[in-house]
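File shown: coords_11.cif (mmCIF, N, CA and C atoms).
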data_model
loop_
_atom_site.group_PDB
_atom_site.id
_atom_site.type_symbol
_atom_site.label_atom_id
_atom_site.label_comp_id
_atom_site.auth_asym_id
_atom_site.auth_seq_id
_atom_site.Cartn_x
_atom_site.Cartn_y
_atom_site.Cartn_z
ATOM 1 N N MET P 11 -41.354 5.288 23.750
ATOM 2 C CA MET P 11 -40.415 4.503 24.527
ATOM 3 C C MET P 11 -39.403 3.750 23.662
ATOM 4 N N PRO P 12 -39.801 3.111 22.562
ATOM 5 C CA PRO P 12 -38.797 2.395 21.760
ATOM 6 C C PRO P 12 -37.718 3.336 21.226
ATOM 7 N N ALA P 13 -38.075 4.582 20.938
ATOM 8 C CA ALA P 13 -37.080 5.537 20.444
ATOM 9 C C ALA P 13 -36.054 5.843 21.528
ATOM 10 N N ASP P 14 -36.497 5.958 22.761
ATOM 11 C CA ASP P 14 -35.569 6.212 23.863
ATOM 12 C C ASP P 14 -34.596 5.048 24.044
ATOM 13 N N ALA P 15 -35.106 3.831 23.896
ATOM 14 C CA ALA P 15 -34.253 2.657 24.026
ATOM 15 C C ALA P 15 -33.218 2.618 22.914
ATOM 16 N N LEU P 16 -33.642 3.034 21.715
ATOM 17 C CA LEU P 16 -32.722 3.065 20.580
ATOM 18 C C LEU P 16 -31.623 4.100 20.798
ATOM 19 N N VAL P 17 -32.007 5.267 21.283
ATOM 20 C CA VAL P 17 -31.018 6.318 21.561
ATOM 21 C C VAL P 17 -30.051 5.853 22.643
ATOM 22 N N GLN P 18 -30.553 5.206 23.678
ATOM 23 C CA GLN P 18 -29.691 4.724 24.757
ATOM 24 C C GLN P 18 -28.726 3.651 24.245
ATOM 25 N N ALA P 19 -29.212 2.757 23.383
ATOM 26 C CA ALA P 19 -28.340 1.721 22.824
ATOM 27 C C ALA P 19 -27.256 2.339 21.953
ATOM 28 N N ALA P 20 -27.609 3.356 21.180
ATOM 29 C CA ALA P 20 -26.623 4.017 20.319
ATOM 30 C C ALA P 20 -25.574 4.743 21.152
ATOM 31 N N GLU P 21 -26.008 5.398 22.219
ATOM 32 C CA GLU P 21 -25.056 6.108 23.073
ATOM 33 C C GLU P 21 -24.124 5.142 23.794
ATOM 34 N N SER P 22 -24.608 3.983 24.169
ATOM 35 C CA SER P 22 -23.751 3.021 24.857
ATOM 36 C C SER P 22 -22.774 2.360 23.879
ATOM 37 N N ALA P 23 -23.144 2.272 22.601
ATOM 38 C CA ALA P 23 -22.261 1.656 21.611
ATOM 39 C C ALA P 23 -21.236 2.641 21.066
ATOM 40 N N ALA P 24 -21.470 3.929 21.192
ATOM 41 C CA ALA P 24 -20.576 4.929 20.611
ATOM 42 C C ALA P 24 -19.147 4.836 21.140
ATOM 43 N N PRO P 25 -18.910 4.682 22.439
ATOM 44 C CA PRO P 25 -17.516 4.554 22.896
ATOM 45 C C PRO P 25 -16.828 3.307 22.342
ATOM 46 N N VAL P 26 -17.570 2.231 22.148
ATOM 47 C CA VAL P 26 -16.974 1.003 21.614
ATOM 48 C C VAL P 26 -16.490 1.243 20.198
ATOM 49 N N VAL P 27 -17.308 1.901 19.393
ATOM 50 C CA VAL P 27 -16.931 2.205 18.013
ATOM 51 C C VAL P 27 -15.734 3.134 17.997
ATOM 52 N N SER P 28 -15.735 4.136 18.853
ATOM 53 C CA SER P 28 -14.635 5.097 18.905
ATOM 54 C C SER P 28 -13.329 4.415 19.318
ATOM 55 N N ASP P 29 -13.381 3.543 20.326
ATOM 56 C CA ASP P 29 -12.177 2.845 20.774
ATOM 57 C C ASP P 29 -11.642 1.922 19.683
ATOM 58 N N THR P 30 -12.536 1.252 18.981
ATOM 59 C CA THR P 30 -12.119 0.349 17.923
ATOM 60 C C THR P 30 -11.439 1.126 16.800
ATOM 61 N N ALA P 31 -11.986 2.277 16.452
ATOM 62 C CA ALA P 31 -11.400 3.085 15.382
ATOM 63 C C ALA P 31 -10.011 3.582 15.775
ATOM 64 N N SER P 32 -9.829 3.975 17.014
ATOM 65 C CA SER P 32 -8.524 4.474 17.435
ATOM 66 C C SER P 32 -7.501 3.339 17.520
ATOM 67 N N ASP P 33 -7.960 2.119 17.790
ATOM 68 C CA ASP P 33 -7.044 0.977 17.819
ATOM 69 C C ASP P 33 -6.632 0.564 16.419
ATOM 70 N N LEU P 34 -7.500 0.754 15.455
ATOM 71 C CA LEU P 34 -7.202 0.349 14.084
ATOM 72 C C LEU P 34 -6.295 1.336 13.356
ATOM 73 N N LEU P 35 -6.258 2.573 13.796
ATOM 74 C CA LEU P 35 -5.495 3.592 13.076
ATOM 75 C C LEU P 35 -4.012 3.245 12.941
ATOM 76 N N PRO P 36 -3.311 2.800 13.985
ATOM 77 C CA PRO P 36 -1.903 2.433 13.795
ATOM 78 C C PRO P 36 -1.724 1.266 12.821
ATOM 79 N N THR P 37 -2.648 0.331 12.830
ATOM 80 C CA THR P 37 -2.558 -0.808 11.916
ATOM 81 C C THR P 37 -2.733 -0.357 10.474
ATOM 82 N N VAL P 38 -3.717 0.491 10.236
ATOM 83 C CA VAL P 38 -3.955 0.996 8.886
ATOM 84 C C VAL P 38 -2.769 1.841 8.429
ATOM 85 N N THR P 39 -2.207 2.633 9.319
ATOM 86 C CA THR P 39 -1.046 3.450 8.976
ATOM 87 C C THR P 39 0.154 2.570 8.630
ATOM 88 N N ALA P 40 0.357 1.506 9.371
ATOM 89 C CA ALA P 40 1.468 0.595 9.094
ATOM 90 C C ALA P 40 1.278 -0.100 7.749
ATOM 91 N N ILE P 41 0.053 -0.498 7.444
ATOM 92 C CA ILE P 41 -0.214 -1.140 6.153
ATOM 93 C C ILE P 41 0.039 -0.157 5.022
ATOM 94 N N ALA P 42 -0.386 1.085 5.175
ATOM 95 C CA ALA P 42 -0.163 2.097 4.139
ATOM 96 C C ALA P 42 1.325 2.355 3.944
ATOM 97 N N SER P 43 2.083 2.367 5.027
ATOM 98 C CA SER P 43 3.523 2.562 4.929
ATOM 99 C C SER P 43 4.183 1.391 4.203
ATOM 100 N N ASP P 44 3.757 0.173 4.536
ATOM 101 C CA ASP P 44 4.302 -1.010 3.860
ATOM 102 C C ASP P 44 3.980 -0.993 2.370
ATOM 103 N N LEU P 45 2.780 -0.577 2.020
ATOM 104 C CA LEU P 45 2.410 -0.503 0.607
ATOM 105 C C LEU P 45 3.224 0.559 -0.127
ATOM 106 N N ALA P 46 3.510 1.674 0.534
ATOM 107 C CA ALA P 46 4.327 2.715 -0.085
ATOM 108 C C ALA P 46 5.746 2.197 -0.331
ATOM 109 N N GLN P 47 6.300 1.459 0.630
ATOM 110 C CA GLN P 47 7.637 0.887 0.442
ATOM 111 C C GLN P 47 7.632 -0.153 -0.669
ATOM 112 N N LEU P 48 6.580 -0.952 -0.740
ATOM 113 C CA LEU P 48 6.466 -1.950 -1.802
ATOM 114 C C LEU P 48 6.369 -1.273 -3.168
ATOM 115 N N ASN P 49 5.641 -0.164 -3.227
ATOM 116 C CA ASN P 49 5.522 0.588 -4.472
ATOM 117 C C ASN P 49 6.887 1.108 -4.917
ATOM 118 N N GLN P 50 7.670 1.641 -3.995
ATOM 119 C CA GLN P 50 9.008 2.133 -4.331
ATOM 120 C C GLN P 50 9.909 0.998 -4.791
ATOM 121 N N LEU P 51 9.810 -0.149 -4.141
ATOM 122 C CA LEU P 51 10.605 -1.309 -4.537
ATOM 123 C C LEU P 51 10.246 -1.754 -5.944
ATOM 124 N N MET P 52 8.977 -1.808 -6.261
ATOM 125 C CA MET P 52 8.546 -2.226 -7.593
ATOM 126 C C MET P 52 9.000 -1.231 -8.658
ATOM 127 N N GLN P 53 8.985 0.055 -8.338
ATOM 128 C CA GLN P 53 9.465 1.057 -9.289
ATOM 129 C C GLN P 53 10.960 0.895 -9.533
ATOM 130 N N ALA P 54 11.707 0.608 -8.485
ATOM 131 C CA ALA P 54 13.152 0.406 -8.639
ATOM 132 C C ALA P 54 13.440 -0.844 -9.465
ATOM 133 N N LEU P 55 12.700 -1.915 -9.219
ATOM 134 C CA LEU P 55 12.901 -3.141 -9.999
ATOM 135 C C LEU P 55 12.537 -2.928 -11.465
ATOM 136 N N LEU P 56 11.502 -2.172 -11.727
ATOM 137 C CA LEU P 56 11.127 -1.871 -13.107
ATOM 138 C C LEU P 56 12.206 -1.038 -13.790
ATOM 139 N N ALA P 57 12.763 -0.072 -13.069
ATOM 140 C CA ALA P 57 13.839 0.746 -13.632
ATOM 141 C C ALA P 57 15.060 -0.112 -13.950
ATOM 142 N N LEU P 58 15.397 -1.049 -13.071
ATOM 143 C CA LEU P 58 16.524 -1.948 -13.336
ATOM 144 C C LEU P 58 16.249 -2.844 -14.543
ATOM 145 N N LEU P 59 15.046 -3.336 -14.659
ATOM 146 C CA LEU P 59 14.684 -4.165 -15.807
ATOM 147 C C LEU P 59 14.820 -3.386 -17.109
ATOM 148 N N VAL P 60 14.343 -2.166 -17.130
ATOM 149 C CA VAL P 60 14.450 -1.337 -18.330
ATOM 150 C C VAL P 60 15.918 -1.059 -18.650
ATOM 151 N N ALA P 61 16.717 -0.721 -17.631
ATOM 152 C CA ALA P 61 18.132 -0.422 -17.855
ATOM 153 C C ALA P 61 18.874 -1.635 -18.403
ATOM 154 N N PHE P 62 18.670 -2.791 -17.795
ATOM 155 C CA PHE P 62 19.380 -3.983 -18.279
ATOM 156 C C PHE P 62 18.889 -4.423 -19.649
ATOM 157 N N THR P 63 17.617 -4.176 -19.951
ATOM 158 C CA THR P 63 17.108 -4.494 -21.288
ATOM 159 C C THR P 63 17.768 -3.607 -22.338
ATOM 160 N N ILE P 64 17.888 -2.322 -22.042
ATOM 161 C CA ILE P 64 18.557 -1.402 -22.977
ATOM 162 C C ILE P 64 20.012 -1.796 -23.166
ATOM 163 N N ILE P 65 20.699 -2.126 -22.070
ATOM 164 C CA ILE P 65 22.103 -2.534 -22.169
ATOM 165 C C ILE P 65 22.226 -3.824 -22.978
ATOM 166 N N TYR P 66 21.338 -4.772 -22.748
ATOM 167 C CA TYR P 66 21.370 -6.057 -23.464
ATOM 168 C C TYR P 66 21.210 -5.844 -24.962
ATOM 169 N N PHE P 67 20.230 -5.040 -25.368
ATOM 170 C CA PHE P 67 20.019 -4.824 -26.793
ATOM 171 C C PHE P 67 21.117 -3.971 -27.409
ATOM 172 N N ALA P 68 21.696 -3.066 -26.633
ATOM 173 C CA ALA P 68 22.818 -2.278 -27.151
ATOM 174 C C ALA P 68 24.024 -3.171 -27.401
ATOM 175 N N VAL P 69 24.296 -4.113 -26.508
ATOM 176 C CA VAL P 69 25.415 -5.042 -26.691
ATOM 177 C C VAL P 69 25.165 -5.940 -27.888
ATOM 178 N N ARG P 70 23.931 -6.426 -28.034
ATOM 179 C CA ARG P 70 23.624 -7.288 -29.188
ATOM 180 C C ARG P 70 23.692 -6.511 -30.493
ATOM 181 N N TRP P 71 23.313 -5.222 -30.469
ATOM 182 C CA TRP P 71 23.318 -4.403 -31.679
ATOM 183 C C TRP P 71 24.730 -4.222 -32.220
ATOM 184 N N PHE P 72 25.671 -3.961 -31.301
ATOM 185 C CA PHE P 72 27.058 -3.693 -31.720
ATOM 186 C C PHE P 72 27.923 -4.938 -31.786
ATOM 187 N N ASP P 73 27.373 -6.084 -31.488
ATOM 188 C CA ASP P 73 28.171 -7.310 -31.502
ATOM 189 C C ASP P 73 28.145 -7.963 -32.871
#

Can you dump the structure from the file as structure tokens?
Amino acid sequence: MPADALVQAAESAAPVVSDTASDLLPTVTAIASDLAQLNQLMQALLALLVAFTIIYFAVRWFD
């Protein structure tokens, strides 16, 4: 009997878990998209830093 009660409890909880997972998917996708955009922004800022550093030292070298 306790095994039957456990199976019944698991079956009744399964839709709740499934609904929660489907509700979280858009949120997780949005967070992943935001992180990808942040990664691109950081790469662009790093590229600008490197470019301006090279220009700065080139100007100082020839000055």

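What separates CA of Thr39 in chain P from CA of Leu51 in chain P is a distance of 18.5 Å.
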
Range 51-70 of chain P: axis-aligned bounding box, 3 Å on each side, centre and edge lengths in Å, one decimal, as JSON:
{"center_x": 17.0, "center_y": -3.1, "center_z": -17.3, "size_x": 22.9, "size_y": 14.3, "size_z": 32.4}

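You will find atom C of Phe67 in chain P at 29.0 Å from atom N of Asn49 in chain P.
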
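Take atom N of Leu45 in chain P and atom C of Leu59 in chain P: the distance between them is 22.8 Å.
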